[in-house]
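For reference, the structure discussed in these notes is given below.
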Amino acid sequence: MEKKYWNPYFGGVVLGTMLFLTFVIASQGFGASGTFSRATAQLLVNSDKSWLENAYIASYFRHGDNAMLNWTVIETIGIFLGGFASALLAGRFMIRPDKAPGYPIAKRFLWALIGGMIIEFATRITRGCTSGQGLDGMATFSVGAWIFMFAAFAGALILSPLWRKQWVGENNEGGEE
């Protein structure tokens with residue numbers, strides 16, 4: 001039996017309400033990329049304290065000796081646990097890669113790794129991940145965030161045909177095989 005998803009409008013209202021509450025309670029919005037930067041900074045400093053001489057790395061330790069004690073880290077853990085609980089409650093929890101039928105798993109994981117590394121690098125350059133730029137930036141009417149989101153969607157529309165076979169297969173036009 002096909003499991004139903006939430007109504008997207010209801011999901012949007014819940015997301016918007018949560019975003020508003022994070023601005024009110026935490027004085028900042030969503031965004032998760034900072035967690036990975038903080039984890040990297042913490043690992044570097046744990047391995048060699050001389051990393052604290054680097055101004056960028058040191059900026060993660062302004063409020064103490066643990067870069068992981070931060071709102072974004074707690075938020076990211078909550079996202080993971082909430083997604084896990086939601087999948088369990090909806091009966092949708094599965095361990096399998098998303099890919100087209102017949103597409104090699106190793107190739108799918110390689111592309112996912114390469115894409116993830118590019119996106120994490122880009123989030124440091126743009127000062128925020130897609131959720132930070134798209135939700136927080138657009139909610140606060142940041143011109144840069146609006147430009148980013150239009151560019152991201154335009155890039156996806158232009159480049160998606162190059163990776164289409166990962167999702168629908170070689171000879172499949174989007175239907176079932």
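Chain identifiers are assigned as A, B, and so on, following the order in which chains appear in the structure tokens; residues are numbered from 1 within each chain, and ligands are numbered from 1 in order of appearance.
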Contact table stretch 10-108 of chain A vs stretch 146-165 of chain A, cut-off 9 Å, shortest pair per residue, only C-alpha atoms, as JSON lines:
```
{"residue": "A:Lys99", "atom": "CA", "partner": "A:Lys165", "partner_atom": "CA", "distance": 8.8}
{"residue": "A:Ala100", "atom": "CA", "partner": "A:Lys165", "partner_atom": "CA", "distance": 6.8}
{"residue": "A:Tyr103", "atom": "CA", "partner": "A:Lys165", "partner_atom": "CA", "distance": 7.7}
```
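Residues in contact range of stretch 6-12 of chain A, defined as at most 12 Å between only C-alpha atoms, with sequence neighbours fewer than 6 positions away removed, read A:Met18, A:Leu19, A:Ser86, A:Ala90, A:Leu135.
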Based on DSSP run over this structure's backbone, return all residues of stretch 23-83 of chain A in helix (DSSP H, G or I), as number ranges by chain. A: 23-26, 33-47, 49-53, 55-61, 71-83
Restrict the selected residues to C-alpha atoms and save them as a short mmCIF file (atom, residue, chain, number, x, y, z; two decimals), in the first residue's frame.
```
data_model
loop_
_atom_site.label_atom_id
_atom_site.label_comp_id
_atom_site.auth_asym_id
_atom_site.auth_seq_id
_atom_site.Cartn_x
_atom_site.Cartn_y
_atom_site.Cartn_z
CA PHE A 23 14.45 33.58 14.69
CA VAL A 24 12.49 34.45 17.86
CA ILE A 25 14.09 31.91 20.20
CA ALA A 26 17.65 31.54 18.88
CA SER A 33 26.62 23.60 6.98
CA GLY A 34 28.20 25.31 9.98
CA THR A 35 28.01 22.01 11.85
CA PHE A 36 30.43 20.35 9.44
CA SER A 37 32.80 23.32 9.53
CA ARG A 38 32.71 23.27 13.32
CA ALA A 39 33.38 19.52 13.39
CA THR A 40 36.34 19.98 11.04
CA ALA A 41 37.71 22.84 13.14
CA GLN A 42 37.32 20.76 16.32
CA LEU A 43 39.12 17.78 14.75
CA LEU A 44 41.98 20.01 13.54
CA VAL A 45 42.44 21.66 16.94
CA ASN A 46 42.19 18.31 18.75
CA SER A 47 45.00 17.00 16.52
CA LYS A 49 46.56 23.21 18.92
CA SER A 50 48.61 25.35 16.51
CA TRP A 51 45.51 25.44 14.27
CA LEU A 52 44.18 28.07 16.69
CA GLU A 53 46.69 30.49 15.16
CA ALA A 55 41.98 33.23 12.32
CA TYR A 56 39.29 31.28 10.46
CA ILE A 57 39.67 28.16 12.63
CA ALA A 58 39.98 30.27 15.80
CA SER A 59 36.66 31.98 15.00
CA TYR A 60 34.88 28.75 15.89
CA PHE A 61 36.38 28.86 19.38
CA TRP A 71 23.06 26.06 18.07
CA THR A 72 23.74 24.74 14.55
CA VAL A 73 25.23 21.50 15.91
CA ILE A 74 22.19 20.90 18.10
CA GLU A 75 19.91 21.74 15.17
CA THR A 76 21.71 19.30 12.85
CA ILE A 77 21.46 16.50 15.41
CA GLY A 78 17.75 17.34 15.75
CA ILE A 79 17.29 17.23 11.97
CA PHE A 80 18.86 13.77 11.83
CA LEU A 81 16.86 12.42 14.81
CA GLY A 82 13.62 14.05 13.62
CA GLY A 83 14.01 12.65 10.10
#
```
Taking only C-alpha atoms into account, which of A:Arg96, A:Lys4, A:Ile119, A:Gly102 comes nearest A:Val168? A:Gly102
Spatial neighbours of A:Arg108, max dist 9 Å, only C-alpha atoms, sep filter under 2 positions, as a ChimeraX atom specification: /A:97-99,103-106,110-113,166
